[in-house]
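For reference, the structure discussed in these notes is given below.
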Amino acid sequence: MDRVTQDLLAKKHISAEQIERLTKVGVGSDVLLETLTKVGAVSVNFVKRFIVEQIKDGRYEIDIIKQYHFISESDVLKHLAETLEAQFVDLDSIDMDYRLAERAPLSQLQKFEAMPIYEDDMSLTVVFADPLNIVAQEAIQRLFPRKPIQVAVATPKQIDTYLYKIELKSSIKDLVSNIRKELNTIGKKEDEQHASSILQLINVILKTCIRNRASDIHIEPTENNCVVRARVDGKLQEVFIFDQDIYPPLSSRLKLLSNLDIAEKRKPQDGRFSALVGDREYDFRFSTLPILYGESIVMRILDKEKALIQLEDAGMDSEGYKKLITALHSPFGIILVTGPTGSGKTTTLYGALNELRNVEDKVITVEDPVEYRMNLIQQVQVQNKVGMTFAAALRSILRQDPDKIMIGEIRDKETLEIAIKAALTGHLVISTLHTNDSVSALPRMVDMGIEPYLISGAVVAIQAQRLVRKICDSCKTQMSIPPNLLKKYSKYLPDGVVFYHGVGCKECNASGYLGREMISEVLPISEMISSMIAKGASKEEIMRQAMDEGFTSMFENGMKKVVEGITTIDEILRVATE
């Protein structure tokens, strides 16, 4: 039995009978306290208050919070800060001046888990992971002797994260110093982007983000800083923090690389450039958006090798893969890939093109923008400014004698109508549509103004997909899940299933996840389903027929990956519904 449960029992806040009843039904000691809160024996808020009182009285170390994943560490620290009449600070919500932390040795700040965040005429505010550590407070006061420190509280994870950012910032201090020297010697503002140190800084940013497996790089100016964030496994992480004066030359040089107007800061601009990072060439899709303190810059990293990925390697199970390959070898018809933005639809389309491309067939794509360039495929870039829309491009494509057509996205009725006509006149068309599941694509097309009988004759298969984060193999460990979840999803889970999660390590940047994989459902349009679509059957009726024909839902596919230990049940519940 854990320490907190023992103390709650000793102080008679819970009873021995309650614990005995839960133990008899197989509740393990590691989830005993969590289960007690779920059955109403004691509230989560009471447990938080109890832990805070014990920490304040010196009976518990502050690290005890980490043993109880169902209790929010930030909530406990907020309550502790209130009782100590100190301020609780969410470091992610403030635009701090990093120069304050640079005035003290980084090793000392890391040792005492402390970070100065704000200075006024009277005092210096410093956040501590442990506000009761008097030794740490005295040590930090000696580092800043001119003003008294005001103790504030923040989570250890946030403090460690921001101190790591300062460490990264100091590691390129010489490079930033060289940039400033070059800027001081440059006569014309227009020549800022030619500074060689800026090119080195761009190379460091690209290299670091690609090494961290980022899909996008965000460069954002704030009032005090220039922040570089990278999207890794679907979540943004801060990578670098620079002072504000680094942003203008950095922005100008990136615009020059992308063949954009460096003087235009009032309108959004789009471009692309290629760069050799390490020994591989990457394409970067570049976009600017005017914001309050400058321009938000986003670069999508386009790895050419991802365009050549096999669908099985993207995480498709063998059953879904067979259904999709069968559809791809149909002589004509429409195959749709559905899902929200960022669910890997484009990667699936390129995987499908990989299966289709050969010398005998003419394959033409219409994309906005063309993300990956592929041999044996004619790729058309949509340019709305000159009237080259999806619909206009499609009309021209049909006069080019294509065998197979890929449309980047069906956005309107006109594009959908032309795609259906192409499918009905002997072409294989693959495209994407924004719907939550495969069956929902059918009523969506009817809502867009297409007659059901045309849909029934044209659509061959629909795939819906999401991306889930995979458990990091370096810190993968067994875990227990609450009995109520086990009971709720028992039909998807075999007896004796073992659940895993990642506890967090250097490999996964303490997230517990490393990489992503697809969960999907493939709905082949059988003769029976085609007939039902033509007759205007409801979504529920079509789903029942699909289930009778052996349809496996995306949620069920996700639960299989939980059973296989690839991902966690929390990830599946985050992206899919039963």
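Every chain in the structure tokens takes a letter, A first, then B, and so on in the order presented; its residues are numbered from 1, and the ligands are numbered from 1 following the presented order.
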(request) Show which residues sit within 7 Å of stretch 233-243 of chain A, as an NGL selection string. Count only C-alpha atoms, and ignore same-chain residues fewer than 5 positions away. (result) :A and (165 or 168-169 or 224-228 or 469 or 515-516)
May I have the residues from that selection written out with N, CA and C atoms, as a JSON list (two decimals), in the first residue's frame?
[["chain", "number", "residue", "atom", "x", "y", "z"],
["A", 165, "LYS", "N", 16.15, 25.36, -22.54],
["A", 165, "LYS", "CA", 16.12, 26.31, -23.66],
["A", 165, "LYS", "C", 17.24, 27.35, -23.51],
["A", 168, "LEU", "N", 20.43, 25.73, -24.52],
["A", 168, "LEU", "CA", 20.55, 25.71, -25.99],
["A", 168, "LEU", "C", 20.93, 27.09, -26.51],
["A", 169, "LYS", "N", 20.31, 28.11, -25.92],
["A", 169, "LYS", "CA", 20.58, 29.48, -26.35],
["A", 169, "LYS", "C", 22.04, 29.84, -26.10],
["A", 224, "ASN", "N", 9.49, 40.53, -26.49],
["A", 224, "ASN", "CA", 10.87, 40.49, -25.98],
["A", 224, "ASN", "C", 11.79, 39.53, -26.70],
["A", 225, "ASN", "N", 11.22, 38.53, -27.39],
["A", 225, "ASN", "CA", 12.03, 37.43, -27.91],
["A", 225, "ASN", "C", 11.65, 37.05, -29.33],
["A", 226, "CYS", "N", 12.45, 36.12, -29.88],
["A", 226, "CYS", "CA", 12.12, 35.43, -31.13],
["A", 226, "CYS", "C", 12.11, 33.95, -30.79],
["A", 227, "VAL", "N", 10.97, 33.32, -30.90],
["A", 227, "VAL", "CA", 10.79, 31.93, -30.45],
["A", 227, "VAL", "C", 10.76, 30.99, -31.65],
["A", 228, "VAL", "N", 11.52, 29.91, -31.56],
["A", 228, "VAL", "CA", 11.50, 28.87, -32.61],
["A", 228, "VAL", "C", 10.87, 27.62, -32.00],
["A", 469, "ARG", "N", 0.35, 8.63, -31.55],
["A", 469, "ARG", "CA", 1.76, 8.58, -31.13],
["A", 469, "ARG", "C", 2.10, 7.18, -30.63],
["A", 515, "GLY", "N", 7.58, 8.96, -32.33],
["A", 515, "GLY", "CA", 7.06, 8.60, -33.65],
["A", 515, "GLY", "C", 5.54, 8.46, -33.65],
["A", 516, "ARG", "N", 4.98, 8.36, -34.86],
["A", 516, "ARG", "CA", 3.53, 8.20, -35.01],
["A", 516, "ARG", "C", 3.21, 7.09, -35.99]]
(message) DSSP on the backbone, strand (DSSP E or B) only: what residues of stretch 84-275 of chain A does that give? Format it as a PyMOL selection string.
(response) chain A and resi 87-88+114-119+124-128+149-153+214-221+225-232+235-243+269-275
The selected residues should be written to file as an mmCIF file, in the first residue's frame (atoms: C-alpha atoms).
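Printed below is result24.cif as written:
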data_model
loop_
_atom_site.group_PDB
_atom_site.id
_atom_site.type_symbol
_atom_site.label_atom_id
_atom_site.label_comp_id
_atom_site.auth_asym_id
_atom_site.auth_seq_id
_atom_site.Cartn_x
_atom_site.Cartn_y
_atom_site.Cartn_z
ATOM 1 C CA GLN A 87 2.380 33.307 -6.644
ATOM 2 C CA PHE A 88 1.919 30.245 -8.885
ATOM 3 C CA ALA A 114 14.945 27.843 -9.889
ATOM 4 C CA MET A 115 14.585 30.532 -12.537
ATOM 5 C CA PRO A 116 14.316 34.346 -12.328
ATOM 6 C CA ILE A 117 11.387 35.554 -14.452
ATOM 7 C CA TYR A 118 10.632 39.175 -13.585
ATOM 8 C CA GLU A 119 12.418 42.229 -12.161
ATOM 9 C CA LEU A 124 13.334 40.034 -8.366
ATOM 10 C CA THR A 125 10.694 37.296 -8.815
ATOM 11 C CA VAL A 126 12.158 33.773 -8.922
ATOM 12 C CA VAL A 127 10.134 30.589 -9.531
ATOM 13 C CA PHE A 128 11.094 27.487 -7.541
ATOM 14 C CA ILE A 149 13.892 37.852 -4.196
ATOM 15 C CA GLN A 150 10.165 37.177 -4.283
ATOM 16 C CA VAL A 151 9.464 33.421 -4.146
ATOM 17 C CA ALA A 152 7.030 32.103 -6.760
ATOM 18 C CA VAL A 153 6.112 28.521 -7.684
ATOM 19 C CA ALA A 214 9.920 17.763 -36.638
ATOM 20 C CA SER A 215 7.299 18.088 -39.392
ATOM 21 C CA ASP A 216 7.003 21.892 -39.181
ATOM 22 C CA ILE A 217 9.176 24.755 -37.893
ATOM 23 C CA HIS A 218 7.487 27.876 -36.452
ATOM 24 C CA ILE A 219 9.442 31.134 -36.013
ATOM 25 C CA GLU A 220 7.431 33.667 -34.009
ATOM 26 C CA PRO A 221 8.438 37.166 -32.834
ATOM 27 C CA ASN A 225 12.030 37.427 -27.907
ATOM 28 C CA CYS A 226 12.123 35.434 -31.127
ATOM 29 C CA VAL A 227 10.786 31.934 -30.450
ATOM 30 C CA VAL A 228 11.497 28.867 -32.605
ATOM 31 C CA ARG A 229 9.085 25.968 -32.117
ATOM 32 C CA ALA A 230 8.992 22.572 -33.839
ATOM 33 C CA ARG A 231 5.998 20.264 -34.299
ATOM 34 C CA VAL A 232 7.102 16.783 -33.228
ATOM 35 C CA LYS A 235 2.731 18.551 -30.704
ATOM 36 C CA LEU A 236 4.654 21.840 -30.711
ATOM 37 C CA GLN A 237 7.875 22.086 -28.674
ATOM 38 C CA GLU A 238 10.002 25.181 -28.141
ATOM 39 C CA VAL A 239 13.492 24.603 -29.529
ATOM 40 C CA PHE A 240 15.276 27.984 -29.434
ATOM 41 C CA ILE A 241 14.750 31.381 -27.849
ATOM 42 C CA PHE A 242 16.583 34.381 -29.335
ATOM 43 C CA ASP A 243 16.529 38.064 -28.476
ATOM 44 C CA GLN A 269 3.478 35.331 -48.644
ATOM 45 C CA ASP A 270 4.121 31.721 -49.694
ATOM 46 C CA GLY A 271 7.202 30.115 -51.206
ATOM 47 C CA ARG A 272 9.516 27.143 -50.992
ATOM 48 C CA PHE A 273 13.231 26.352 -50.945
ATOM 49 C CA SER A 274 15.544 23.340 -50.797
ATOM 50 C CA ALA A 275 18.481 22.851 -48.442
#
(request) Would you kindly return, as a list in words, each protein, DNA or RNA residue with an atom no farther than 12 Å from any atom of A:Leu454, considering only C-alpha atoms and excluding same-chain residues fewer than 5 positions away? (result)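 Within the cut-off, the hits are Gly333, Ile334, Leu416, Glu417, Ile418, Ala419, Ile420, Lys421, Ala422, Ala423, Leu424, Thr425, Leu442, Met445, Val446, Gly449, Val459, Val460, Ser530, Ser531, Ile533, Ala534, Lys535 and Gly536 of chain A.
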(message) Taking 4 positions as the minimum chain separation for residues in the same chain, which residues sit within 12 Å of A:Lys506 when counting only C-alpha atoms? Answer as an NGL selection string.
(response) :A and (212 or 472-475 or 502 or 510-514)
Serialized selection, C-alpha atoms, as a compact mmCIF listing (two decimals), in the first residue's frame:
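Result saved to out21.txt:
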# COMPACT_ATOMS: atom_id res chain seq x y z
CA ASN A 212 14.19 16.06 -33.44
CA CYS A 472 8.84 5.17 -26.79
CA ASP A 473 10.70 1.83 -26.74
CA SER A 474 13.47 3.26 -24.53
CA CYS A 475 11.16 4.02 -21.58
CA GLY A 502 6.24 5.56 -21.74
CA ALA A 510 10.26 13.20 -21.63
CA SER A 511 6.98 12.79 -23.56
CA GLY A 512 6.78 8.96 -23.35
CA TYR A 513 6.06 8.83 -27.11
CA LEU A 514 8.38 8.51 -30.08
Once you count only C-alpha atoms, what closest atom pair and distance in Å to one decimal does each residue of stretch 336-359 of chain A within 12 Å of stretch 372-395 of chain A have, with rows by chain and rising residue number, as a Markdown table?
| residue | atom | partner | partner_atom | distance |
| --- | --- | --- | --- | --- |
| A:Thr346 | CA | A:Tyr372 | CA | 9.8 |
| A:Thr347 | CA | A:Tyr372 | CA | 9.6 |
| A:Leu349 | CA | A:Tyr372 | CA | 11.0 |
| A:Tyr350 | CA | A:Tyr372 | CA | 8.3 |
| A:Gly351 | CA | A:Met374 | CA | 11.3 |
| A:Leu353 | CA | A:Ile377 | CA | 8.5 |
| A:Asn354 | CA | A:Met374 | CA | 8.8 |
| A:Glu355 | CA | A:Leu376 | CA | 11.9 |
| A:Leu356 | CA | A:Ile377 | CA | 9.7 |
| A:Arg357 | CA | A:Leu376 | CA | 6.4 |
| A:Asn358 | CA | A:Leu376 | CA | 6.7 |
| A:Val359 | CA | A:Leu376 | CA | 6.9 |
(request) Determine which residues of stretch 336-464 of chain A receive a DSSP assignment of alpha helix (DSSP H), computed from the backbone, and state them as a PyMOL selection string. (result) chain A and resi 345-356+390-397+413-424+441-447+452-458
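Atom pair atom CA of A:Ile71 / atom CA of A:Thr83: separated by 18.2 Å.
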(request) Mind checking which residues fall within 12 Å of A:Val39, counting only C-alpha atoms, ignoring those fewer than 3 positions away in the same chain, and posting them as a ChimeraX atom specification? (result) /A:14,18-19,21-22,32-36,42-44,482-484
Keeping only C-alpha atoms, take the residues you just selected and write them out as a JSON list (two decimals), in the first residue's frame.
[["chain", "number", "residue", "atom", "x", "y", "z"],
["A", 14, "ILE", "CA", -10.90, 6.04, 4.59],
["A", 18, "GLN", "CA", -13.35, -0.01, 1.74],
["A", 19, "ILE", "CA", -9.80, -1.10, 0.95],
["A", 21, "ARG", "CA", -13.62, -4.67, -0.79],
["A", 22, "LEU", "CA", -11.51, -3.20, -3.61],
["A", 32, "LEU", "CA", -5.85, 1.68, -5.05],
["A", 33, "LEU", "CA", -5.95, 5.40, -4.19],
["A", 34, "GLU", "CA", -7.16, 6.32, -7.68],
["A", 35, "THR", "CA", -9.97, 3.75, -7.45],
["A", 36, "LEU", "CA", -10.95, 5.05, -3.98],
["A", 42, "VAL", "CA", -12.62, 10.14, -0.82],
["A", 43, "SER", "CA", -12.53, 13.08, -3.25],
["A", 44, "VAL", "CA", -9.53, 14.00, -5.41],
["A", 482, "PRO", "CA", -8.79, 1.94, -14.09],
["A", 483, "PRO", "CA", -11.29, -0.97, -13.82],
["A", 484, "ASN", "CA", -14.12, 1.16, -15.24]]
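Each of A:Glu578, A:Asp245, A:Glu223, A:Asp570 was compared to A:Ile94 using only C-alpha atoms, and A:Glu223 turns out to be the nearest.
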(request) Could you jot down the atom CA of A:Pro248 to atom CA of A:Leu206 separation for me, Å, one decimal place? (result)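 Taking atom CA of A:Pro248 and atom CA of A:Leu206, their separation equals 17.7 Å.
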(message) Need to verify the contact set: A:Pro331, 8 Å, only C-alpha atoms, exclusion of same-chain residues closer than 5 positions in sequence. Can you return it as a list in words?
(response) Gly426, His427 and Leu428 of chain A
Hey, can you spit out that residue selection with N, CA and C atoms as a CSV table (one decimal), in the first residue's frame?
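What landed in selection.csv:
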chain,number,residue,atom,x,y,z
A,426,GLY,N,-14.3,6.0,-67.0
A,426,GLY,CA,-13.2,5.0,-67.1
A,426,GLY,C,-11.9,5.4,-66.5
A,427,HIS,N,-11.8,6.4,-65.6
A,427,HIS,CA,-10.6,6.8,-64.9
A,427,HIS,C,-10.6,6.4,-63.5
A,428,LEU,N,-9.5,6.1,-62.9
A,428,LEU,CA,-9.3,5.9,-61.5
A,428,LEU,C,-8.9,7.2,-60.9
(message) Which residues are close to A:Met448, i.e. within 10 Å by only C-alpha atoms, leaving aside same-chain residues fewer than 3 positions away? Reply as JSON, numbers by chain.
(response) {"A": [411, 412, 413, 414, 416, 417, 443, 444, 445, 451]}
Hey, can you spit out that residue selection with all heavy atoms as a compact mmCIF listing (two decimals), in the first residue's frame?
# COMPACT_ATOMS: atom_id res chain seq x y z
N ARG A 411 -12.74 20.25 -52.54
CA ARG A 411 -13.20 21.34 -51.67
C ARG A 411 -14.58 21.86 -52.02
O ARG A 411 -15.21 22.55 -51.22
CB ARG A 411 -12.20 22.52 -51.75
CG ARG A 411 -10.81 22.17 -51.26
CD ARG A 411 -9.87 23.34 -51.46
NE ARG A 411 -8.52 23.02 -51.02
CZ ARG A 411 -7.46 23.79 -51.21
NH1 ARG A 411 -7.60 24.94 -51.84
NH2 ARG A 411 -6.27 23.44 -50.77
N ASP A 412 -15.06 21.59 -53.23
CA ASP A 412 -16.34 22.18 -53.65
C ASP A 412 -17.10 21.23 -54.57
O ASP A 412 -16.57 20.21 -55.02
CB ASP A 412 -16.11 23.53 -54.34
CG ASP A 412 -15.08 23.44 -55.47
OD1 ASP A 412 -15.21 22.54 -56.31
OD2 ASP A 412 -14.12 24.25 -55.48
N LYS A 413 -18.35 21.61 -54.86
CA LYS A 413 -19.22 20.78 -55.68
C LYS A 413 -18.67 20.60 -57.10
O LYS A 413 -18.71 19.50 -57.66
CB LYS A 413 -20.61 21.41 -55.74
CG LYS A 413 -21.61 20.62 -56.58
CD LYS A 413 -22.92 21.35 -56.73
CE LYS A 413 -23.87 20.59 -57.65
NZ LYS A 413 -25.13 21.33 -57.86
N GLU A 414 -18.12 21.68 -57.67
CA GLU A 414 -17.64 21.63 -59.05
C GLU A 414 -16.52 20.60 -59.21
O GLU A 414 -16.53 19.79 -60.14
CB GLU A 414 -17.15 23.03 -59.47
CG GLU A 414 -16.86 23.13 -60.96
CD GLU A 414 -16.37 24.51 -61.38
OE1 GLU A 414 -16.11 25.35 -60.48
OE2 GLU A 414 -16.24 24.73 -62.59
N LEU A 416 -15.90 18.05 -57.24
CA LEU A 416 -16.46 16.72 -57.00
C LEU A 416 -17.22 16.21 -58.23
O LEU A 416 -17.11 15.04 -58.60
CB LEU A 416 -17.39 16.75 -55.77
CG LEU A 416 -18.03 15.44 -55.34
CD1 LEU A 416 -16.99 14.36 -55.10
CD2 LEU A 416 -18.89 15.63 -54.10
N GLU A 417 -17.98 17.09 -58.88
CA GLU A 417 -18.74 16.69 -60.08
C GLU A 417 -17.80 16.20 -61.18
O GLU A 417 -18.04 15.17 -61.81
CB GLU A 417 -19.56 17.89 -60.61
CG GLU A 417 -20.87 18.08 -59.89
CD GLU A 417 -21.65 19.26 -60.45
OE1 GLU A 417 -21.02 20.17 -61.03
OE2 GLU A 417 -22.89 19.27 -60.30
N PRO A 443 -22.88 10.77 -47.01
CA PRO A 443 -23.85 11.89 -46.87
C PRO A 443 -23.20 13.25 -47.15
O PRO A 443 -23.88 14.18 -47.59
CB PRO A 443 -24.33 11.79 -45.42
CG PRO A 443 -23.36 10.91 -44.72
CD PRO A 443 -22.79 10.00 -45.76
N ARG A 444 -21.88 13.40 -46.89
CA ARG A 444 -21.21 14.67 -47.16
C ARG A 444 -21.28 15.00 -48.66
O ARG A 444 -21.53 16.14 -49.05
CB ARG A 444 -19.75 14.59 -46.70
CG ARG A 444 -18.87 15.80 -47.07
CD ARG A 444 -19.31 17.07 -46.35
NE ARG A 444 -19.33 16.89 -44.92
CZ ARG A 444 -18.27 17.02 -44.13
NH1 ARG A 444 -17.09 17.32 -44.65
NH2 ARG A 444 -18.38 16.83 -42.82
N MET A 445 -21.07 13.99 -49.52
CA MET A 445 -21.13 14.22 -50.97
C MET A 445 -22.55 14.57 -51.41
O MET A 445 -22.74 15.40 -52.30
CB MET A 445 -20.60 13.00 -51.72
CG MET A 445 -19.09 12.86 -51.62
SD MET A 445 -18.40 11.55 -52.66
CE MET A 445 -18.75 10.10 -51.67
N GLU A 451 -26.02 13.77 -56.79
CA GLU A 451 -27.12 12.79 -56.72
C GLU A 451 -26.60 11.45 -56.20
O GLU A 451 -25.52 10.99 -56.62
CB GLU A 451 -27.74 12.59 -58.11
CG GLU A 451 -28.49 13.79 -58.65
CD GLU A 451 -29.72 14.13 -57.82
OE1 GLU A 451 -30.30 13.22 -57.21
OE2 GLU A 451 -30.09 15.33 -57.79
